[in-house]
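One structure below.
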Protein chains: 2
Amino acid sequence: MKEIVFTTWLGNMAFETSIDGCGIKMATDPKAGGNGLGPRPKPLDLSALAGCTGMDVISILQKKKVIPTSFRVLIEGDLTEEHPKIYKDINIIFEITGPGYKDNQDIYLAVQRAVELSSDKYCGVSAMLKGTCTIMHEILLLNE
Amino acid sequence: MKEIVFTTWLGNMAFETSIDGCGIKMATDPKAGGNGLGPRPKPLDLSALAGCTGMDVISILQKKKVIPTSFRVLIEGDLTEEHPKIYKDINIIFEITGPGYKDNQDIYLAVQRAVELSSDKYCGVSAMLKGTCTIMHEILLLNE
């Protein structure tokens with residue numbers, strides 16, 4: 001399937017990209033000539049990763065009738081110092097909250113299986129990043 | 001350098017991510033349970049690529065005193081059919097408009113050098129994607 005994304009320079013170090021009819025602005029750090037109009041492009045890659053694996057995990061959990069009250073994906077990416085600056089190590093923390101979730105082994109195993117399926121089979125953004133970096137996963141279950 | 005991105009589930013197949021204090025919503029296709037709140041995560045990777053290489057190229061051109069009147073980055077990504085769906089071939093078209101730019105060999109060489117520097121040296125998003133895919137570049141110069 002072919003996908004097309006248009007991105008237009010807004011002046012200074014800012015761009016606007018259009019995907020599925022949604023416009024998103026990007027800019028560098030203000031100290032590098034950006035104007036704070038939007039996020040820097042590289043961490044947007046981490047957001048794409050969070051969205052891609054997050055959608056896999058919540059959708060697999062829903063099929064298992066595990067419906068959390070809240071679900072957050074925290075991603076830490078360690079950027080190299082030399083050019084081209086890339087994420088060499090990425091840590092994904094799935095923070096999942098629901099009634100009696102903390103120390104619940106059944107919920108933990110369901111989440112662990114969903115994370116494995118996303119990481120090994122479904123998540124395209126993970127698969128692309130794994131070409132150049134190591135991705136680790138943590139699961140944090142919290143009571144509502 | 002460590003970067004951290006938080007992404008929160010909004011219900012259905014939608015998430016909101018926060019980078020540099022900017023909130024961006026993501027969602028799947030409406031037919032897959034999304035609600036049209038934002039773009040899908042995978043093409044967001046192409047936007048990150050456009051922003052990262054676009055900022056390199058415009059910044060190198062500005063140093064060469066080449067200031068276009070408009071500058072667009074069009075990215076076509078060919079997604080695999082099987083899981084995990086990844087972009088195997090990406091084509092980046094730099095569409096650069098300015099007075100007398102069409103058929104101007106000096107401008108073309110300046111843009112070509114800027115694109116090479118971004119692709120080979122500076123663009124971290126390109127470097128990450130190249131781990132799993134082939135990236136091609138085209139330059140299209142247009143008169144104002």
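Going by the structure tokens order, chains are called A, B, ..., each with residues numbered from 1, while ligands are numbered from 1 in the order shown.
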
May I have a table of the residues of chain A lying at most 7 Å from chain B, giving each one's closest pair of atoms and their distance in Å to one decimal, counting only C-alpha atoms, ordered by chain and ascending residue number, as a Markdown table?
| residue | atom | partner | partner_atom | distance |
| --- | --- | --- | --- | --- |
| A:Met1 | CA | B:Leu79 | CA | 5.0 |
| A:Lys2 | CA | B:Asp78 | CA | 4.5 |
| A:Glu3 | CA | B:Gly77 | CA | 5.2 |
| A:Ile4 | CA | B:Glu76 | CA | 4.5 |
| A:Val5 | CA | B:Ile75 | CA | 5.2 |
| A:Phe6 | CA | B:Leu74 | CA | 4.7 |
| A:Thr7 | CA | B:Val73 | CA | 5.1 |
| A:Thr8 | CA | B:Arg72 | CA | 4.5 |
| A:Trp9 | CA | B:Phe71 | CA | 5.5 |
| A:Met13 | CA | B:Met55 | CA | 6.0 |
| A:Phe15 | CA | B:Gly51 | CA | 6.4 |
| A:Thr17 | CA | B:Ser47 | CA | 6.1 |
| A:Ile19 | CA | B:Pro39 | CA | 5.7 |
| A:Asp20 | CA | B:Pro39 | CA | 5.7 |
| A:Cys22 | CA | B:Gly38 | CA | 6.0 |
| A:Met26 | CA | B:Gly51 | CA | 6.6 |
| A:Gly38 | CA | B:Cys22 | CA | 6.0 |
| A:Pro39 | CA | B:Ile19 | CA | 5.7 |
| A:Pro41 | CA | B:Ala48 | CA | 4.5 |
| A:Lys42 | CA | B:Ala48 | CA | 6.2 |
| A:Pro43 | CA | B:Ile19 | CA | 6.9 |
| A:Leu44 | CA | B:Ala48 | CA | 5.9 |
| A:Asp45 | CA | B:Asp45 | CA | 5.5 |
| A:Leu46 | CA | B:Val5 | CA | 6.8 |
| A:Ser47 | CA | B:Thr17 | CA | 6.1 |
| A:Ala48 | CA | B:Pro41 | CA | 4.5 |
| A:Ala50 | CA | B:Thr7 | CA | 6.4 |
| A:Gly51 | CA | B:Pro41 | CA | 5.5 |
| A:Cys52 | CA | B:Pro41 | CA | 5.5 |
| A:Met55 | CA | B:Met13 | CA | 6.0 |
| A:Ser70 | CA | B:Trp9 | CA | 6.9 |
| A:Phe71 | CA | B:Trp9 | CA | 5.5 |
| A:Arg72 | CA | B:Thr8 | CA | 4.5 |
| A:Val73 | CA | B:Thr7 | CA | 5.1 |
| A:Leu74 | CA | B:Phe6 | CA | 4.7 |
| A:Ile75 | CA | B:Val5 | CA | 5.2 |
| A:Glu76 | CA | B:Ile4 | CA | 4.5 |
| A:Gly77 | CA | B:Glu3 | CA | 5.2 |
| A:Asp78 | CA | B:Lys2 | CA | 4.5 |
| A:Leu79 | CA | B:Met1 | CA | 5.0 |
| A:Thr80 | CA | B:Met1 | CA | 6.8 |
| A:His83 | CA | B:Tyr122 | CA | 5.5 |
| A:Pro84 | CA | B:Tyr122 | CA | 4.5 |
| A:Lys85 | CA | B:Gly124 | CA | 4.8 |
| A:Ile86 | CA | B:Gly124 | CA | 5.0 |
| A:Lys121 | CA | B:Pro84 | CA | 5.5 |
| A:Tyr122 | CA | B:Pro84 | CA | 4.5 |
| A:Cys123 | CA | B:Pro84 | CA | 5.6 |
| A:Gly124 | CA | B:Pro84 | CA | 4.7 |
| A:Val125 | CA | B:Lys42 | CA | 6.3 |
| A:Ala127 | CA | B:Pro84 | CA | 6.6 |
| A:Met128 | CA | B:Thr132 | CA | 5.8 |
| A:Leu129 | CA | B:Met128 | CA | 6.2 |
| A:Gly131 | CA | B:Gly131 | CA | 4.3 |
| A:Thr132 | CA | B:Gly131 | CA | 5.5 |

If you keep C-alpha atoms, can you produce a file of those selected residues as a compact mmCIF listing (two decimals), in the first residue's frame?
# COMPACT_ATOMS: atom_id res chain seq x y z
CA MET A 1 0.00 0.00 0.00
CA LYS A 2 1.36 3.39 -0.95
CA GLU A 3 1.09 6.24 1.53
CA ILE A 4 1.83 9.87 0.72
CA VAL A 5 2.66 12.65 3.17
CA PHE A 6 3.07 16.32 2.19
CA THR A 7 5.17 18.60 4.37
CA THR A 8 5.51 22.35 3.80
CA TRP A 9 8.15 24.75 5.09
CA MET A 13 12.98 25.96 11.17
CA PHE A 15 7.25 22.73 8.89
CA THR A 17 2.82 18.10 7.63
CA ILE A 19 -1.57 13.18 7.12
CA ASP A 20 -5.11 11.88 6.63
CA CYS A 22 -4.72 16.34 9.83
CA MET A 26 7.08 20.58 13.65
CA GLY A 38 5.46 22.22 17.29
CA PRO A 39 7.56 19.26 18.40
CA PRO A 41 10.83 15.59 14.34
CA LYS A 42 12.96 12.95 16.08
CA PRO A 43 10.81 12.54 19.22
CA LEU A 44 7.82 12.39 16.85
CA ASP A 45 9.26 8.99 15.92
CA LEU A 46 8.88 7.96 19.58
CA SER A 47 5.27 9.20 19.52
CA ALA A 48 4.61 7.14 16.40
CA ALA A 50 3.89 4.81 21.29
CA GLY A 51 0.77 5.14 19.13
CA CYS A 52 1.52 2.05 17.03
CA MET A 55 -3.07 0.62 19.65
CA SER A 70 -6.43 4.30 32.05
CA PHE A 71 -3.49 3.37 29.86
CA ARG A 72 -0.30 5.35 29.25
CA VAL A 73 2.79 4.60 27.21
CA LEU A 74 5.97 6.25 28.47
CA ILE A 75 8.93 6.06 26.08
CA GLU A 76 12.53 6.92 26.94
CA GLY A 77 14.86 7.16 23.97
CA ASP A 78 18.61 7.50 24.34
CA LEU A 79 19.96 9.64 21.49
CA THR A 80 23.58 9.23 20.28
CA HIS A 83 25.72 12.56 13.78
CA PRO A 84 23.43 11.17 12.56
CA LYS A 85 21.78 11.29 15.99
CA ILE A 86 19.65 8.20 16.41
CA LYS A 121 4.37 -9.49 15.13
CA TYR A 122 2.23 -6.40 14.63
CA CYS A 123 3.97 -3.13 15.42
CA GLY A 124 5.48 -1.80 12.19
CA VAL A 125 7.11 1.21 13.86
CA ALA A 127 10.01 -3.34 13.42
CA MET A 128 11.46 -0.31 11.60
CA LEU A 129 13.28 1.02 14.68
CA GLY A 131 16.82 -2.17 12.41
CA THR A 132 19.11 0.23 14.28

### Query
Looking only at the backbone, which of the residues in chain B does DSSP tag as alpha helix (DSSP H), as a PyMOL selection string?
chain B and resi 41-63+105-117+124-129

Selected residues written out, C-alpha atoms, as a tab-separated table (two decimals), in the first residue's frame:
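Result went into again.tsv, see below:
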chain	number	residue	atom	x	y	z
B	41	PRO	CA	1.04	6.44	13.78
B	42	LYS	CA	2.89	4.87	10.85
B	43	PRO	CA	2.64	7.83	8.43
B	44	LEU	CA	3.69	10.01	11.38
B	45	ASP	CA	7.07	8.33	10.88
B	46	LEU	CA	7.12	9.73	7.33
B	47	SER	CA	6.27	13.18	8.70
B	48	ALA	CA	9.14	12.91	11.17
B	49	LEU	CA	11.39	11.98	8.23
B	50	ALA	CA	10.13	14.97	6.21
B	51	GLY	CA	10.67	17.35	9.11
B	52	CYS	CA	14.13	16.01	9.98
B	53	THR	CA	15.55	16.03	6.44
B	54	GLY	CA	13.61	19.19	5.51
B	55	MET	CA	15.20	21.12	8.39
B	56	ASP	CA	18.66	19.87	7.38
B	57	VAL	CA	18.20	20.83	3.73
B	58	ILE	CA	16.69	24.29	4.31
B	59	SER	CA	19.32	25.09	6.91
B	60	ILE	CA	22.21	24.02	4.61
B	61	LEU	CA	20.67	25.98	1.69
B	62	GLN	CA	20.36	29.08	3.86
B	63	LYS	CA	24.06	28.81	4.73
B	105	GLN	CA	22.36	24.10	-12.50
B	106	ASP	CA	23.91	26.01	-9.57
B	107	ILE	CA	20.74	25.77	-7.51
B	108	TYR	CA	20.37	22.10	-8.45
B	109	LEU	CA	23.92	21.28	-7.32
B	110	ALA	CA	23.44	23.21	-4.06
B	111	VAL	CA	20.22	21.30	-3.33
B	112	GLN	CA	21.79	18.00	-4.35
B	113	ARG	CA	24.71	18.57	-1.94
B	114	ALA	CA	22.33	19.58	0.88
B	115	VAL	CA	20.23	16.45	0.31
B	116	GLU	CA	23.36	14.25	0.30
B	117	LEU	CA	24.63	15.81	3.55
B	124	GLY	CA	18.77	10.78	12.26
B	125	VAL	CA	15.28	9.73	11.14
B	126	SER	CA	16.71	8.69	7.74
B	127	ALA	CA	19.50	6.78	9.48
B	128	MET	CA	16.97	4.90	11.62
B	129	LEU	CA	14.69	4.06	8.67

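These are the residues of range 21-53 of chain A assigned strand (DSSP E or B) by DSSP from backbone coordinates: Cys22, Gly23, Ile24, Lys25, Met26 and Ala27 of chain A.
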
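Distance-wise, CA of Lys65 in chain A and CA of Lys31 in chain B end up 20.7 Å apart.
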
### Message
One decimal, in Å: what's the spacing between CA of Leu142 in chain A and CA of Ala32 in chain B?
### Response
28.2 Å

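Here CA of Thr134 in chain A and CA of Ile135 in chain B stand 21.8 Å from one another.
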